[in-house]
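Engineer: Got a structure for you, written out below as structure tokens; questions coming shortly.
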Amino acid sequence: MVMQAPSMDLKEEFVSILKEAISKGFPGSGIGDEEILLSLSVPKPENGDISSSISFRIAKTEKKNPKEIAERLASGVKGARFITKTAALNGYINSSIDEKEYAAHVLGSIKKQKGSYVRSGLGKGTKVIVESPSVNPNKPWHIGHLRNALLGDSISNMMEACSYKVEREDYIDDLGMQVAESYWGYTNISDKPDKKFDTWLGEQYVEVNKRLQDKAIEEQVRKTLERMEEGSSKEAKEARKLAEECVRAQYQTAGDYSVYHDVLVWESDIVRAKLLDKAFSILTKSGVVKKDTSEKYKDCIIVDLERIKQVAKDFESPNEDVKVLIRSNGTATYVAKDIAFHMWKFGLLEDPFSYGTFMEGQGNGKPLYTTSEFGKRMGFAGVSMAVNVIDNRQRYLQLILKSMFMLMGRKDISDSIMHLSYGKVDVEGGTLSGREGGWMGSGRNYTADSLLAETEKKVIEIVENSEKISNKENAKAIARAVAIGAIKFEFLKIAPEKNITFSWERALKFEGNTGPYCMYTYARASKIIEGQEVGMLKDMDHMSRSDDLELVKLLGMAPEMLEKACSEYRTNIVTDYLIELCTAFSRFYETMPVLKGGGAKELRLALVDSTAEVLKETLMLLGIAVVKSM
RNA sequence: GGGCAUGUGGCGUAACUUGGAUAGCGCACCUGGCUUCGGACCAGGGGGUUGCGGGUUCAAAUCCCGUCAUGCCCGCCA
């Protein structure tokens, strides 16, 4: 019940022997594997290791007391490789596992698959594009953008661990009003950048926004945007350059957090490549969209929302009955761009882009490519699945996007667009508005850069007092790693749909359910096995039904935990698991001496080694790198 | 007006998709534990009408209906 589920090997065995007992005891019940699988849970340790509530289900059809059914079934369940004794209790069927057999199996698997134990073949053969965080290129990443980036990075990691082929893409809207405003400020206010470029530009943007009260200036900005949209103008070139400089600064932040991407896609390149024209010629021909003739929407290209309601039953009823995609002046709305963009993602439009190299080597050793006016053909996209990490305010637009593919008769694509919707990040007593400068705070600001710097500062205080770190040269690198671990864990442990109210006080605590606790657990485990020979286990005589078995059970379920977290897009399943694993290890650590464990030393060393391995691989899913001392 | 999300001890949260045994964890609070592999730790304790009201069920935090609160979305804006 606390733990989500035991390992698959164990469940499969339990299901199969239960099924046998059911077909013998209640032949007509018609209970299938799936139903048994859903009835499984983990009981309290004193009641057993694995449990089923299937008797209650059978009681319905058989019209008998569930307790009697459970007793009859329990007596009919045979032992198997992992399952030993089985007993009925209050209608539940509880089984115990053979701790020696099971531990040998789990520890053997981890040893054999070192480096790739927490893996799955779930997405084998599926190519997916993950879009995140798509921050406007005229401000620094603040902690809200950071939440997006960390979710995107972690989900990408998980999908890779599940054998998906993942393309990490970042969409850069360099043709929006925001960039036009910043560009206007850059040419008309012209202070010199006196700090990190994105931060400086972001602060200037707040200033420009104030001046927009002046109608004359607003008009100038509007004109600027129009000229930017004519691809070849001086304004277009300069604004792109400005945006690129900002993105470079943003990617310094990304690199500091070891968040990496494969390709940047720029709005201005989408326009240059005429992706919209190509998409809309297809959409018009197939009758999905049409030019409207009514008074209200004269000359607009629209989609009929009534038709969407017919294909998408959960579509919310909006006030309007049509959605404008191309305005009467010929410009495209946000949804229209997104539709064309997704037709590109799924290979409905040939890749029209040229690609250049934005950064030669990121921290992961791979280059970051970018769409570009000049460059080579590369063949990005053409995927069969798209994950869009976008906050929950855009739910309605994402729904329209998905529905458009339904109208095209492509339910398969519609179902393969995943809106990873997450809640917004606020700060105590305010929001993180870019326009009004909420991210600037008062005193410390709420940029991702500041968060990292402040956290690092706090960690260094602790690290410098640590007697365990003899090499103080390493202190800085360790502090950086721990700070990143603390921050990532803090964001990823909250269920995506929940809003977050950021608090410095909470952010700078490293006790309890935190990243540093997990990293600390790893460091303790590492210290024990340092310089020790961890060979293949010869016997399991010292394996007991105590804290060591609890540890083995958790180690065994790691791969299934990954599949669950990945298919539900929930990073908090991973953090919850990590806390359970670390707690179990800490208890083991307190109660079972390893190096002075006498005859049990060999087994316990293997347990420590396996725990360290699983911790390392699981933390990597969250983008957290372990350190051996801290 | 219509729709969506959220509501769980003082605070932060998990479990809700797939109903199951005593609602799990952390912070804070109280008690205890470093001559034994790292105290960013461990053991124990107090603290809960799962917003409220109905319903379904052998069984409801979980499903259904209603209701309240908070936030968000429903432009040819960006």
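Chain identifiers are assigned as A, B, and so on, following the order in which chains appear in the structure tokens; residues are numbered from 1 within each chain, and ligands are numbered from 1 in order of appearance.
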Could you give me, as JSON lines, every chain A residue with an atom at most 6 Å from chain B, plus its closest atom pair and distance in Å to one decimal, counting only C-alpha atoms (C1' of nucleotides), rows ordered by chain then number?

Structural biologist:
```
{"residue": "A:Glu316", "atom": "CA", "partner": "B:G3", "partner_atom": "C1'", "distance": 5.4}
{"residue": "A:Pro318", "atom": "CA", "partner": "B:C74", "partner_atom": "C1'", "distance": 5.1}
{"residue": "A:Arg327", "atom": "CA", "partner": "B:C76", "partner_atom": "C1'", "distance": 4.7}
{"residue": "A:Arg393", "atom": "CA", "partner": "B:C73", "partner_atom": "C1'", "distance": 6.0}
{"residue": "A:Glu511", "atom": "CA", "partner": "B:A40", "partner_atom": "C1'", "distance": 5.8}
{"residue": "A:Gly512", "atom": "CA", "partner": "B:G26", "partner_atom": "C1'", "distance": 5.2}
{"residue": "A:Asn513", "atom": "CA", "partner": "B:G26", "partner_atom": "C1'", "distance": 5.3}
{"residue": "A:Tyr517", "atom": "CA", "partner": "B:A40", "partner_atom": "C1'", "distance": 5.9}
{"residue": "A:Arg524", "atom": "CA", "partner": "B:G38", "partner_atom": "C1'", "distance": 5.9}
{"residue": "A:Ile528", "atom": "CA", "partner": "B:C37", "partner_atom": "C1'", "distance": 5.5}
```

Engineer: Any chance you can output those residues with C-alpha atoms as a PDB file, in the first residue's frame?

Structural biologist:
```
ATOM      1  CA  GLU A 316     -15.458  22.561 -23.773  1.00  0.00           C
ATOM      2  CA  PRO A 318     -16.666  28.131 -25.832  1.00  0.00           C
ATOM      3  CA  ARG A 327      -6.820  36.841 -39.704  1.00  0.00           C
ATOM      4  CA  ARG A 393      -3.378  27.905 -19.082  1.00  0.00           C
ATOM      5  CA  GLU A 511      16.748  17.775   5.367  1.00  0.00           C
ATOM      6  CA  GLY A 512      13.962  15.272   5.035  1.00  0.00           C
ATOM      7  CA  ASN A 513      12.430  14.596   1.622  1.00  0.00           C
ATOM      8  CA  TYR A 517      19.182  13.472   1.468  1.00  0.00           C
ATOM      9  CA  ARG A 524      27.349   6.939   2.586  1.00  0.00           C
ATOM     10  CA  ILE A 528      31.380   1.630   2.495  1.00  0.00           C
TER      11      ILE A 528
END
```

Engineer: Find the residues around region 85-91 of chain A up to 8 Å (only C-alpha atoms (C1' of nucleotides) counted), leave out those fewer than 3 positions away in its own chain, and share them as JSON, numbers by chain.

Structural biologist: {"A": [53, 55, 56, 66, 67, 68, 69, 70, 71, 74, 75, 77, 79, 94, 95, 96, 97], "B": [21]}

Engineer: Using C-alpha atoms (C1' of nucleotides), can you export the residues from the last selection as a PDB file, in the first residue's frame?

Structural biologist:
```pdb
ATOM      1  CA  SER A  53      -8.127  -8.563  -2.934  1.00  0.00           C
ATOM      2  CA  SER A  55     -11.810 -12.622  -3.347  1.00  0.00           C
ATOM      3  CA  PHE A  56     -14.095  -9.604  -3.056  1.00  0.00           C
ATOM      4  CA  PRO A  66     -15.150 -13.202   0.597  1.00  0.00           C
ATOM      5  CA  LYS A  67     -13.447 -14.588   3.690  1.00  0.00           C
ATOM      6  CA  GLU A  68     -14.407 -18.131   2.764  1.00  0.00           C
ATOM      7  CA  ILE A  69     -13.312 -17.569  -0.804  1.00  0.00           C
ATOM      8  CA  ALA A  70      -9.957 -16.231   0.322  1.00  0.00           C
ATOM      9  CA  GLU A  71      -9.432 -19.209   2.572  1.00  0.00           C
ATOM     10  CA  ALA A  74      -5.144 -19.569  -0.176  1.00  0.00           C
ATOM     11  CA  SER A  75      -5.153 -23.272   0.505  1.00  0.00           C
ATOM     12  CA  VAL A  77      -2.184 -21.670  -4.020  1.00  0.00           C
ATOM     13  CA  GLY A  79       4.436 -22.431  -3.886  1.00  0.00           C
ATOM     14  CA  ASN A  94      -1.322 -12.725   1.455  1.00  0.00           C
ATOM     15  CA  SER A  95       1.828 -14.402   0.275  1.00  0.00           C
ATOM     16  CA  SER A  96       5.383 -14.308   1.457  1.00  0.00           C
ATOM     17  CA  ILE A  97       8.368 -14.443  -0.781  1.00  0.00           C
TER      18      ILE A  97
ATOM     19  C1'   A B  21      -6.787  -3.781   5.436  1.00  0.00           C
TER      20        A B  21
END
```

Engineer: What's the separation between CA of Ser109 (chain A) and CA of Ser610 (chain A), in Å to one decimal place?

Structural biologist: 9.6 Å

Engineer: If you run DSSP on the backbone here, which positions in region 237-456 of chain A get strand (DSSP E or B)? Please write them as a PyMOL selection string.

Structural biologist: chain A and resi 263-266+290-291+301-304+322-326+332+354-359+368-372+376+385-391+417-422+425-427+430+447

Engineer: Give me, as JSON, numbers by chain, all polymer residues having an atom no more than 8 Å from region 439-456 of chain A, counting only C-alpha atoms (C1' of nucleotides) and skipping those fewer than 6 positions away in the same chain.

Structural biologist: {"A": [140, 141, 142, 143, 146, 203, 253, 431, 432, 433, 479, 480, 482, 483, 484, 487, 507, 508]}

Engineer: Mind checking which residues fall within 12 Å of G54 (chain B), counting only C-alpha atoms (C1' of nucleotides), ignoring those fewer than 6 positions away in the same chain, and posting them as a list in words?

Structural biologist: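 My reading of the contact set: C64, C65, G66 and U67 of chain B.
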
Engineer: Let's see if you can do this: from backbone DSSP, list all helix (DSSP H, G or I) residues in region 35-155 of chain A, as a PyMOL selection string.

Structural biologist: chain A and resi 35-38+45-47+54-62+66-76+99-112+143-155

Engineer: What's the separation between C1' of G33 (chain B) and CA of Met519 (chain A), in Å to one decimal place?

Structural biologist: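 If I compute the distance from C1' of G33 (chain B) to CA of Met519 (chain A), I get 23.1 Å.
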
Engineer: Tell me which protein, DNA and RNA residues are within 9 Å of A23 (chain B), counting only C-alpha atoms (C1' of nucleotides), leaving out same-chain ones fewer than 3 positions away, and put them as a PDB file with C-alpha atoms (C1' of nucleotides), in the first residue's frame.

Structural biologist:
```pdb
ATOM      1  C1'   U B   8      -5.674  16.172   2.633  1.00  0.00           C
ATOM      2  C1'   A B  15      -2.011   8.061  -2.555  1.00  0.00           C
ATOM      3  C1'   G B  48      -6.459  14.189  10.511  1.00  0.00           C
ATOM      4  C1'   U B  50      -9.245  14.009   3.263  1.00  0.00           C
ATOM      5  C1'   A B  61      -9.432  10.633  -0.103  1.00  0.00           C
TER       6        A B  61
END
```

Engineer: Counting only C-alpha atoms (C1' of nucleotides), which residue out of B:C68, B:C34, B:G47, B:U62 sits closest to G10 (chain B)?

Structural biologist: B:G47

Engineer: For C30 (chain B), please output as a ChimeraX atom specification all residues within 12 Å (counting only C-alpha atoms (C1' of nucleotides); exclusion window: fewer than 5 positions along the same chain).

Structural biologist: /B:44-47

Engineer: Would you pick out the contacts of region 345-360 of chain A at 7 Å or less, using only C-alpha atoms (C1' of nucleotides), so that residues sharing its chain but fewer than 6 positions from it are not included, and give the list as a ChimeraX atom specification?

Structural biologist: /A:273,367-379,381-384

Engineer: For the atom pair CA of Gly123 (chain A) and CA of Asn364 (chain A), what is the interatomic distance in Å to one decimal place?

Structural biologist: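 CA of Asn364 (chain A) lies 22.7 Å from CA of Gly123 (chain A).
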